[in-house]
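Data block for data-v1.txt (compact mmCIF, C-alpha atoms):
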# COMPACT_ATOMS: atom_id res chain seq x y z
CA MET G 1 0.00 0.00 0.00
CA VAL G 2 1.51 3.33 -1.09
CA LYS G 3 1.39 5.99 1.60
CA LEU G 4 0.63 9.62 0.80
CA GLN G 5 4.03 10.92 1.98
CA ASP G 6 5.72 8.63 -0.55
CA ILE G 7 4.31 10.65 -3.51
CA ALA G 8 4.91 14.12 -2.10
CA HIS G 9 8.06 14.56 -4.24
CA LEU G 10 6.05 13.66 -7.34
CA LEU G 11 3.43 16.26 -6.50
CA ARG G 12 6.15 18.89 -6.09
CA MET G 13 7.51 18.02 -9.52
CA ALA G 14 3.99 18.11 -11.03
CA ALA G 15 3.56 21.60 -9.55
CA VAL G 16 6.82 22.73 -11.21
CA PHE G 17 5.65 21.33 -14.56
CA LEU G 18 2.25 22.97 -14.13
CA LEU G 19 3.88 26.33 -13.39
CA GLY G 20 6.08 25.90 -16.47
CA LEU G 21 3.05 25.15 -18.62
CA VAL G 22 1.16 28.19 -17.32
CA LEU G 23 4.18 30.45 -17.96
CA PHE G 24 4.56 28.98 -21.46
CA LEU G 25 0.92 29.72 -22.26
CA ILE G 26 1.19 33.27 -20.90
CA PHE G 27 4.34 34.04 -22.91
CA ARG G 28 2.86 32.37 -25.99
CA SER G 29 -0.26 34.51 -25.92
CA ALA G 30 1.85 37.63 -25.31
CA PHE G 31 4.31 37.05 -28.15
CA ILE G 32 2.13 35.65 -30.95
CA PRO G 33 0.38 38.52 -32.80
CA LYS G 34 -3.37 38.53 -32.47
CA SER G 35 -4.04 38.12 -36.19
CA PHE G 36 -1.54 35.27 -36.64
CA GLY G 37 -3.35 32.30 -38.17
CA ARG G 38 -6.43 34.24 -39.27
CA TYR G 39 -5.93 33.21 -42.91
CA GLY G 40 -2.95 30.86 -42.63
CA HIS G 41 0.43 30.51 -40.95
CA TYR G 42 1.13 34.24 -41.01
CA ARG G 43 0.04 37.55 -39.49
CA GLY G 44 -3.33 38.35 -41.09
CA ASP G 45 -2.93 42.09 -40.47
CA ALA G 46 0.10 42.11 -42.81
CA ILE G 47 -2.23 41.94 -45.83
CA ALA G 48 -4.07 45.10 -44.77
CA GLU G 49 -0.78 46.87 -43.98
CA ILE G 50 0.66 46.10 -47.43
CA THR G 51 -2.65 47.03 -49.12
CA ALA G 52 -2.64 50.41 -47.36
CA ARG G 53 0.64 51.58 -48.97
CA PRO G 54 0.21 54.78 -51.06
CA ILE G 55 0.42 54.58 -54.85
CA ALA G 56 2.89 56.59 -56.95
CA TYR G 57 1.58 55.93 -60.48
CA ALA G 58 -1.95 57.30 -60.92
CA GLY G 59 -2.78 55.21 -64.00
CA HIS G 60 -3.55 56.47 -67.51
CA GLU G 61 -7.33 56.50 -66.95
CA THR G 62 -6.89 59.13 -64.23
CA CYS G 63 -4.70 61.25 -66.54
CA GLU G 64 -7.16 61.00 -69.43
CA GLY G 65 -9.97 62.30 -67.20
CA CYS G 66 -8.38 65.77 -67.06
CA HIS G 67 -6.38 65.75 -70.31
CA PRO G 68 -8.84 64.42 -72.92
CA ASP G 69 -7.20 66.51 -75.68
CA VAL G 70 -3.86 64.75 -75.26
CA ALA G 71 -5.61 61.38 -74.95
CA ASP G 72 -7.38 62.09 -78.25
CA THR G 73 -4.16 63.09 -80.08
CA LYS G 74 -2.38 60.08 -78.65
CA SER G 75 -5.14 57.60 -79.55
CA LYS G 76 -4.68 58.33 -83.28
CA GLY G 77 -0.90 58.01 -83.33
CA TRP G 78 1.78 55.37 -82.97
CA HIS G 79 2.03 55.96 -79.24
CA ALA G 80 -1.65 55.12 -78.64
CA HIS G 81 -0.80 52.31 -76.22
CA VAL G 82 2.10 54.02 -74.46
CA ASN G 83 0.71 55.13 -71.10
CA CYS G 84 1.21 58.73 -69.94
CA GLU G 85 3.37 57.93 -66.93
CA SER G 86 5.63 55.69 -68.99
CA CYS G 87 7.32 58.90 -70.21
CA HIS G 88 6.15 61.52 -67.68
CA GLY G 89 6.95 59.45 -64.59
CA PRO G 90 4.82 58.75 -61.49
CA LEU G 91 2.23 61.52 -60.99
CA ALA G 92 -0.31 60.27 -58.42
CA LYS G 93 0.51 63.36 -56.29
CA HIS G 94 -0.25 65.62 -59.23
CA ALA G 95 -3.53 63.74 -59.84
CA ASP G 96 -4.56 64.16 -56.18
CA ASP G 97 -3.77 67.88 -56.13
CA PRO G 98 -2.69 69.37 -59.50
CA THR G 99 -1.23 72.49 -57.89
CA SER G 100 1.05 70.61 -55.49
CA LEU G 101 3.29 69.16 -58.19
CA SER G 102 3.62 70.34 -61.76
CA PRO G 103 5.14 67.66 -63.99
CA GLN G 104 8.43 68.46 -65.73
CA LYS G 105 8.73 67.89 -69.46
CA PRO G 106 10.80 64.76 -70.08
CA ASP G 107 14.28 65.07 -71.56
CA VAL G 108 13.64 63.83 -75.12
CA ALA G 109 17.34 63.31 -75.88
CA LYS G 110 17.44 60.61 -73.22
CA LEU G 111 13.88 59.32 -73.18
CA CYS G 112 13.27 58.69 -76.89
CA VAL G 113 16.67 57.10 -77.40
CA ARG G 114 16.15 54.62 -74.57
CA CYS G 115 13.34 52.99 -76.55
CA HIS G 116 14.32 53.78 -80.14
CA SER G 117 18.12 53.42 -80.29
CA GLU G 118 19.33 50.59 -82.49
CA ASN G 119 19.82 47.30 -80.68
CA ARG G 120 19.99 43.88 -82.26
CA ALA G 121 18.09 42.34 -79.35
CA LYS G 122 15.00 44.46 -80.07
CA PRO G 123 12.15 42.78 -81.96
CA GLN G 124 12.29 43.12 -85.73
CA GLY G 125 9.82 45.72 -86.94
CA PHE G 126 10.19 47.93 -83.87
CA PRO G 127 11.27 51.39 -85.11
CA GLN G 128 14.93 51.83 -84.17
CA VAL G 129 17.50 54.37 -85.33
CA ASN G 130 21.10 55.31 -84.81
CA ALA G 131 20.23 58.59 -83.11
CA LYS G 132 23.33 60.52 -84.24
CA GLU G 133 23.04 59.54 -87.90
CA HIS G 134 19.25 59.91 -87.90
CA SER G 135 18.95 63.38 -86.41
CA GLY G 136 22.34 64.95 -87.01
CA GLY G 137 22.30 66.25 -83.43
CA GLN G 138 18.82 67.77 -83.49
CA LEU G 139 16.37 66.99 -80.73
CA CYS G 140 13.76 64.35 -81.59
CA ASN G 141 10.81 66.68 -81.04
CA THR G 142 12.08 69.05 -83.73
CA CYS G 143 10.37 66.72 -86.23
CA HIS G 144 8.37 64.23 -84.15
CA GLN G 145 5.62 65.23 -81.74
CA PRO G 146 5.92 62.72 -78.85
CA HIS G 147 2.14 62.31 -78.42
CA SER G 148 1.74 61.40 -82.10
CA PRO G 149 5.23 60.79 -83.45
CA GLY G 150 4.43 60.11 -87.12
CA ILE G 151 5.86 62.81 -89.38
CA THR G 152 2.44 63.36 -90.97
CA GLN G 153 0.39 64.55 -88.02
CA GLY G 154 -2.28 62.17 -86.89
CA ALA G 155 -1.45 59.41 -89.36
CA ARG G 156 -0.39 56.07 -87.99
CA LYS G 157 2.64 56.02 -90.24
CA MET T 1 -28.07 51.15 -10.12
CA THR T 2 -27.74 47.55 -9.13
CA LEU T 3 -26.66 44.77 -11.37
CA THR T 4 -28.26 41.36 -11.09
CA ARG T 5 -26.26 38.20 -11.65
CA ARG T 6 -28.26 37.55 -14.83
CA GLN T 7 -27.43 41.01 -16.25
CA LEU T 8 -23.75 40.58 -15.43
CA LEU T 9 -23.65 37.22 -17.25
CA VAL T 10 -25.08 38.86 -20.38
CA LEU T 11 -22.86 41.94 -20.09
CA LEU T 12 -19.52 40.15 -19.72
CA PRO T 13 -19.54 38.26 -23.06
CA ALA T 14 -20.78 41.41 -24.81
CA ALA T 15 -17.92 43.42 -23.33
CA ALA T 16 -15.47 40.69 -24.35
CA ALA T 17 -16.76 40.77 -27.94
CA ALA T 18 -16.46 44.56 -28.02
CA TRP T 19 -12.89 44.41 -26.66
CA ASP T 20 -11.98 41.85 -29.32
CA PHE T 21 -13.26 44.27 -31.97
CA VAL T 22 -11.14 47.07 -30.49
CA LEU T 23 -8.04 44.87 -30.66
CA ALA T 24 -8.79 43.60 -34.16
CA GLY T 25 -6.21 45.97 -35.73
CA THR T 26 -6.22 47.98 -38.95
CA PRO T 27 -9.47 47.81 -40.89
CA GLU T 28 -9.35 46.51 -44.46
CA ALA T 29 -7.66 49.17 -46.62
CA ALA T 30 -9.42 48.14 -49.84
CA PRO T 31 -13.03 47.64 -48.71
CA ASN T 32 -14.42 46.76 -52.16
CA TYR T 33 -11.81 44.11 -52.86
CA ASN T 34 -12.68 40.46 -52.35
CA ALA T 35 -9.51 38.37 -52.53
CA SER T 36 -11.34 35.12 -53.22
CA GLU T 37 -12.60 36.50 -56.57
CA HIS T 38 -9.08 36.92 -58.03
CA TRP T 39 -6.08 34.80 -58.98
CA TRP T 40 -3.19 36.94 -60.19
CA GLY T 41 -0.49 36.13 -62.70
CA MET T 42 1.33 37.97 -65.48
CA LEU T 43 1.81 37.58 -69.19
CA LEU T 44 5.26 38.48 -70.53
CA ASP T 45 5.61 38.72 -74.28
CA ILE T 46 9.28 38.29 -75.26
CA THR T 47 8.40 39.21 -78.85
CA LYS T 48 7.38 42.69 -77.67
CA CYS T 49 10.07 43.52 -75.09
CA ILE T 50 12.45 46.26 -76.32
CA GLY T 51 14.68 46.37 -73.22
CA CYS T 52 13.94 50.02 -72.44
CA GLY T 53 13.94 49.40 -68.67
CA SER T 54 10.74 51.39 -68.07
CA CYS T 55 9.42 48.57 -65.87
CA VAL T 56 12.56 48.56 -63.73
CA ARG T 57 12.44 52.33 -63.18
CA ALA T 58 8.69 52.32 -62.51
CA CYS T 59 9.04 49.51 -59.97
CA ALA T 60 11.82 51.34 -58.14
CA LEU T 61 9.81 54.59 -58.00
CA GLU T 62 6.55 52.92 -56.98
CA ASN T 63 8.04 50.68 -54.31
CA ASP T 64 11.10 52.62 -53.05
CA VAL T 65 13.46 49.89 -54.19
CA PRO T 66 17.02 50.88 -53.13
CA ASP T 67 19.65 51.55 -55.83
CA GLY T 68 21.46 48.45 -56.98
CA TYR T 69 18.63 46.13 -55.87
CA PHE T 70 15.81 44.93 -58.09
CA ARG T 71 12.30 43.61 -57.62
CA THR T 72 12.17 43.31 -61.40
CA TRP T 73 14.97 43.45 -63.94
CA VAL T 74 15.56 42.81 -67.65
CA GLU T 75 18.15 40.41 -69.07
CA ARG T 76 19.61 40.48 -72.58
CA TYR T 77 20.30 37.09 -74.13
CA HIS T 78 22.75 36.34 -76.91
CA VAL T 79 22.39 32.75 -78.12
CA SER T 80 25.13 31.68 -80.52
CA ASP T 81 24.14 29.10 -83.12
CA PHE T 82 27.15 27.02 -82.00
CA HIS T 83 26.36 27.07 -78.25
CA ILE T 84 22.62 27.20 -77.90
CA GLU T 85 22.85 25.72 -74.41
CA ASN T 86 25.27 28.42 -73.22
CA PRO T 87 23.78 31.84 -73.85
CA VAL T 88 25.64 35.05 -73.02
CA VAL T 89 23.45 37.04 -70.62
CA ASP T 90 23.94 40.62 -69.46
CA SER T 91 21.85 43.03 -67.45
CA PRO T 92 23.69 46.32 -66.82
CA ASP T 93 22.16 47.88 -63.67
CA GLY T 94 19.19 45.54 -64.14
CA GLY T 95 18.48 47.14 -67.51
CA LYS T 96 17.24 50.22 -65.65
CA GLU T 97 18.63 52.69 -68.22
CA GLY T 98 18.25 50.46 -71.26
CA PHE T 99 20.97 48.46 -72.99
CA PRO T 100 24.02 49.74 -74.89
CA PRO T 101 24.64 48.13 -78.31
CA SER T 102 26.26 44.72 -77.96
CA ASP T 103 29.66 43.77 -79.40
CA LEU T 104 28.46 40.23 -80.05
CA THR T 105 27.54 39.43 -83.64
CA GLY T 106 25.25 36.80 -85.13
CA GLY T 107 23.11 34.39 -83.20
CA LYS T 108 19.78 35.11 -81.63
CA ASN T 109 19.29 38.16 -79.42
CA PHE T 110 16.34 39.06 -77.21
CA PHE T 111 15.29 40.54 -73.86
CA VAL T 112 13.71 38.68 -70.95
CA PRO T 113 12.01 40.67 -68.17
CA LYS T 114 12.12 38.84 -64.84
CA PHE T 115 10.55 39.20 -61.41
CA CYS T 116 8.83 37.08 -58.75
CA ASN T 117 6.80 34.27 -60.33
CA HIS T 118 4.32 34.27 -57.41
CA CYS T 119 4.55 30.47 -57.41
CA VAL T 120 1.63 28.40 -56.19
CA ASP T 121 4.04 25.98 -54.45
CA SER T 122 6.71 28.52 -53.67
CA PRO T 123 9.96 27.26 -52.14
CA CYS T 124 10.48 30.60 -50.37
CA THR T 125 7.32 30.40 -48.24
CA GLN T 126 8.00 26.76 -47.39
CA VAL T 127 11.36 27.53 -45.76
CA CYS T 128 10.39 30.62 -43.72
CA PRO T 129 10.82 29.61 -40.07
CA VAL T 130 8.54 32.29 -38.60
CA GLY T 131 5.67 32.61 -41.09
CA ALA T 132 6.81 36.03 -42.33
CA THR T 133 6.28 35.20 -46.00
CA PHE T 134 3.01 33.84 -47.21
CA HIS T 135 0.46 33.35 -49.99
CA THR T 136 -2.50 35.70 -50.07
CA PRO T 137 -5.87 34.11 -50.92
CA ASP T 138 -5.58 35.66 -54.42
CA GLY T 139 -2.27 34.00 -55.28
CA VAL T 140 0.33 36.65 -54.43
CA VAL T 141 3.46 35.87 -52.40
CA LEU T 142 4.15 38.63 -49.89
CA VAL T 143 6.66 39.38 -47.12
CA ASP T 144 5.48 40.64 -43.73
CA GLN T 145 8.43 42.96 -43.12
CA ASN T 146 7.34 43.69 -39.56
CA TYR T 147 7.59 40.00 -38.72
CA CYS T 148 10.62 38.91 -40.79
CA VAL T 149 13.67 38.12 -38.64
CA GLY T 150 16.11 38.55 -41.55
CA CYS T 151 17.49 34.98 -41.61
CA ARG T 152 17.83 35.11 -45.44
CA TYR T 153 16.70 31.49 -45.83
CA CYS T 154 14.00 32.46 -48.38
CA ILE T 155 16.56 34.38 -50.47
CA GLN T 156 18.57 31.18 -50.90
CA ALA T 157 15.46 29.09 -51.50
CA CYS T 158 14.09 31.09 -54.45
CA PRO T 159 15.26 29.30 -57.61
CA TYR T 160 14.62 32.43 -59.69
CA GLY T 161 16.78 34.80 -57.60
CA CYS T 162 13.85 37.12 -57.08
CA ARG T 163 14.46 38.05 -53.45
CA PHE T 164 17.06 40.31 -51.86
CA PHE T 165 18.07 41.43 -48.40
CA HIS T 166 16.98 45.04 -47.89
CA PRO T 167 20.12 47.02 -47.03
CA THR T 168 18.49 49.37 -44.50
CA LYS T 169 15.40 47.51 -43.29
CA HIS T 170 17.46 44.29 -42.81
CA VAL T 171 14.57 42.08 -43.89
CA ALA T 172 13.75 40.06 -47.01
CA ASP T 173 12.28 42.11 -49.87
CA LYS T 174 10.66 41.15 -53.15
CA CYS T 175 8.00 41.98 -55.74
CA THR T 176 4.54 42.37 -54.18
CA LEU T 177 2.85 42.33 -57.61
CA CYS T 178 1.98 45.91 -56.53
CA TYR T 179 -0.55 44.46 -54.10
CA HIS T 180 -1.39 48.01 -52.93
CA ARG T 181 -2.39 48.83 -56.53
CA ILE T 182 -4.13 45.68 -57.80
CA THR T 183 -6.41 45.64 -54.74
CA LYS T 184 -7.54 49.15 -55.76
CA GLY T 185 -8.36 48.14 -59.33
CA LEU T 186 -5.13 49.48 -60.86
CA THR T 187 -2.52 47.52 -62.78
CA THR T 188 1.03 47.10 -61.49
CA ALA T 189 3.55 49.93 -61.91
CA CYS T 190 5.65 47.86 -64.35
CA CYS T 191 2.63 47.09 -66.56
CA GLU T 192 1.51 50.73 -66.40
CA ALA T 193 4.94 51.89 -67.58
CA CYS T 194 5.59 49.21 -70.23
CA PRO T 195 5.33 51.06 -73.59
CA THR T 196 4.87 47.99 -75.80
CA GLY T 197 2.47 45.82 -73.81
CA ALA T 198 5.19 43.22 -73.21
CA ARG T 199 3.91 42.92 -69.62
CA GLN T 200 0.25 42.40 -68.89
CA LEU T 201 -1.25 41.72 -65.49
CA ALA T 202 -3.67 38.79 -65.67
CA ASP T 203 -6.54 37.81 -63.39
CA LEU T 204 -7.07 34.12 -64.08
CA LYS T 205 -10.36 34.03 -62.17
CA ASP T 206 -11.83 36.78 -64.37
CA PRO T 207 -13.53 35.01 -67.32
CA ASN T 208 -13.33 38.21 -69.39
CA ASP T 209 -9.56 38.64 -68.95
CA PRO T 210 -7.78 38.50 -72.37
CA ILE T 211 -5.25 36.07 -70.82
CA HIS T 212 -7.61 33.14 -71.48
CA ALA T 213 -7.78 33.75 -75.24
CA PHE T 214 -4.01 34.37 -75.33
CA LEU T 215 -3.15 31.12 -73.53
CA LYS T 216 -5.38 29.15 -75.92
CA THR T 217 -3.73 30.50 -79.06
CA HIS T 218 -0.04 30.86 -78.12
CA SER T 219 2.81 28.61 -77.05
CA VAL T 220 3.39 29.86 -73.53
CA GLN T 221 5.99 28.66 -71.02
CA VAL T 222 6.99 29.34 -67.44
CA LEU T 223 10.58 29.52 -66.18
CA LYS T 224 12.12 26.30 -64.76
CA PRO T 225 8.99 24.19 -65.17
CA HIS T 226 10.89 21.06 -64.01
CA LEU T 227 11.00 22.51 -60.48
CA ALA T 228 7.19 22.31 -60.27
CA THR T 229 6.97 25.57 -58.36
CA GLY T 230 3.67 26.48 -60.02
CA ALA T 231 5.11 29.70 -61.46
CA LYS T 232 2.48 32.17 -62.72
CA ASN T 233 4.61 34.36 -65.00
CA PHE T 234 3.59 33.18 -68.45
CA TYR T 235 6.22 33.87 -71.14
CA ASN T 236 5.25 34.02 -74.79
CA GLY T 237 8.07 33.27 -77.24
CA LEU T 238 10.46 32.10 -74.53
CA ASP T 239 13.63 30.50 -75.91
CA GLY T 240 14.80 27.17 -74.50
CA SER T 241 18.15 28.70 -73.57
CA VAL T 242 16.60 30.97 -70.92
CA ARG T 243 17.42 29.84 -67.38

Would you give me this structure, written as structure tokens?
Amino acid sequence: MVKLQDIAHLLRMAAVFLLGLVLFLIFRSAFIPKSFGRYGHYRGDAIAEITARPIAYAGHETCEGCHPDVADTKSKGWHAHVNCESCHGPLAKHADDPTSLSPQKPDVAKLCVRCHSENRAKPQGFPQVNAKEHSGGQLCNTCHQPHSPGITQGARK
Amino acid sequence: MTLTRRQLLVLLPAAAAAWDFVLAGTPEAAPNYNASEHWWGMLLDITKCIGCGSCVRACALENDVPDGYFRTWVERYHVSDFHIENPVVDSPDGGKEGFPPSDLTGGKNFFVPKFCNHCVDSPCTQVCPVGATFHTPDGVVLVDQNYCVGCRYCIQACPYGCRFFHPTKHVADKCTLCYHRITKGLTTACCEACPTGARQLADLKDPNDPIHAFLKTHSVQVLKPHLATGAKNFYNGLDGSVR
């Protein structure tokens, strides 16, 4: 027959284990973020945090809302599918408050050449020139209007 | 005013529910967006890419990508007829300012834009020890930079080299597929800036998305299909020499 005093040391050990378990649960609840596991093995709030980041590029539909004349010129020319901010840069701030930021005109000497300089890796049929030979040092927009770059205005070629 | 035991028993769970709501964190930033209605991927048309680097610049400006690091970049391939298995690849500054003319003659030459494939079975999320990188319900792989411990394991795990260690935040960084834009109905910054339509964001769950017609009528590949990562960047006209 086992007497009660013979298991006292086991009870003491059980108490230590129990205390350890309670501490583990307390620390666990304190350290694991509340939204962890809401959608999967990650912090659910992270999705909302990443979604809330501000945008820099307004999108061409926003531009066209205020500049329908340019959109119209552009839609008839070779650059119909080149979006505004592809050349003009990110302008969401300008779209939010047009007075806060006035867009600078792009540097054609650099911008046009980046797409249209000769390179054998470019697809065949894409208009490419040796800028120096082609223009003789003149700026591109002396002859080509960037919004509708065909030499005959408005025509697609 | 006295409170009966019955009233207290009703009040306590109500108060607990209210407190839970208070602690629930930031409210949804895109209230009209339902993640379960979308499945994002991208179409990349090699036959249209001109290597202008507009996507690389737009990505850096939209996402504050530090200089010398890339969430997307463009590679130039030169495939000699005599060594089709060993292409010469260059990508000066990620192709950010375009490509200078090449000295190499002959062979086949083309550009390949690259960025995170947002794999369905992504190796990077599998190795994260803390759950800091994850799949969203709409198929985008994201990094929780407030939870990342910076162990760099995911950077080694990505077979496409699409992740980098952020030099000042000291956490893993990568393409988010402009999650802050696509959840607001906009396209990604790289697609917005691409002048030739070589990059097109695709929503595979949208039956009206032009991606479905394109996939039916073109020979489309993903990168490293033998790794079975479930990559969702669909390349049209991809050469077999591309790694």

Go ahead and compute the interatomic distance for CA of Val242 (chain T) and CA of Ser80 (chain T), in Å to one decimal. 12.9 Å

Taking a cut-off of 6 Å and counting only C-alpha atoms, can you build a table that, for each residue of chain G near chain T, reports the nearest atom pair and how far apart they are in Å (one decimal), sorted by chain then residue number, as a Markdown table?
| residue | atom | partner | partner_atom | distance |
| --- | --- | --- | --- | --- |
| G:His41 | CA | T:Gly131 | CA | 5.6 |
| G:Tyr42 | CA | T:Gly131 | CA | 4.8 |
| G:Ala46 | CA | T:Asp144 | CA | 5.7 |
| G:Ala48 | CA | T:Glu28 | CA | 5.5 |
| G:Thr51 | CA | T:His180 | CA | 4.1 |
| G:Ala52 | CA | T:Ala29 | CA | 5.2 |
| G:Arg53 | CA | T:His180 | CA | 5.7 |
| G:Ala56 | CA | T:Glu62 | CA | 5.2 |
| G:Val82 | CA | T:Pro195 | CA | 4.5 |
| G:Ser86 | CA | T:Ala193 | CA | 4.1 |
| G:Arg114 | CA | T:Cys52 | CA | 5.5 |
| G:Cys115 | CA | T:Cys52 | CA | 5.1 |
| G:Asn119 | CA | T:Pro101 | CA | 5.4 |
| G:Ala121 | CA | T:Phe110 | CA | 4.3 |
| G:Lys122 | CA | T:Ile50 | CA | 4.9 |

What does the distance from CA of Trp73 (chain T) to CA of Cys128 (chain T) come to in Å, to one decimal?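 One can read the CA of Trp73 (chain T) to CA of Cys128 (chain T) distance as 24.4 Å.
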
Box for region 45-57 of chain T - axis-aligned, 3 Å on each of the six sides, all listed atoms - centre and size in Å to one decimal, as JSON.
{"center_x": 10.1, "center_y": 45.3, "center_z": -71.0, "size_x": 15.1, "size_y": 20.0, "size_z": 21.7}

For region 102-112 of chain G, work out the shell of residues within 7 Å, counting only C-alpha atoms and skipping chain neighbours fewer than 4 positions away, then give it as a PyMOL selection string. chain G and resi 87-88+94+98+116+139-140

Between CA of Arg152 (chain T) and CA of His166 (chain T), what is the distance in Å, rounded to a tenth?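 Interatomic distance here is 10.3 Å.
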
Might you pull out every residue within 8 Å of His60 (chain G), with only C-alpha atoms counted and same-chain residues fewer than 6 positions away left off, and present them as a PyMOL selection string? (chain G and resi 83-85) or (chain T and resi 192)

Report as a list in words all protein, DNA and RNA residues lying within 8 Å of region 211-224 of chain T, evaluated on only C-alpha atoms, omitting residues in the same chain fewer than 5 positions from it.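 Non-adjacent residues within range: Leu43, Ala202, Asp203, Leu204, Ala231, Lys232, Asn233, Phe234, Tyr235, Asn236, Gly237, Leu238, Val242 and Arg243 of chain T.
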
Cut-off 10 Å around (-6.8, 59.7, -54.8) with only C-alpha atoms: residues as JSON, numbers by chain: {"G": [54, 55, 58, 62, 92, 93, 94, 95, 96, 97]}
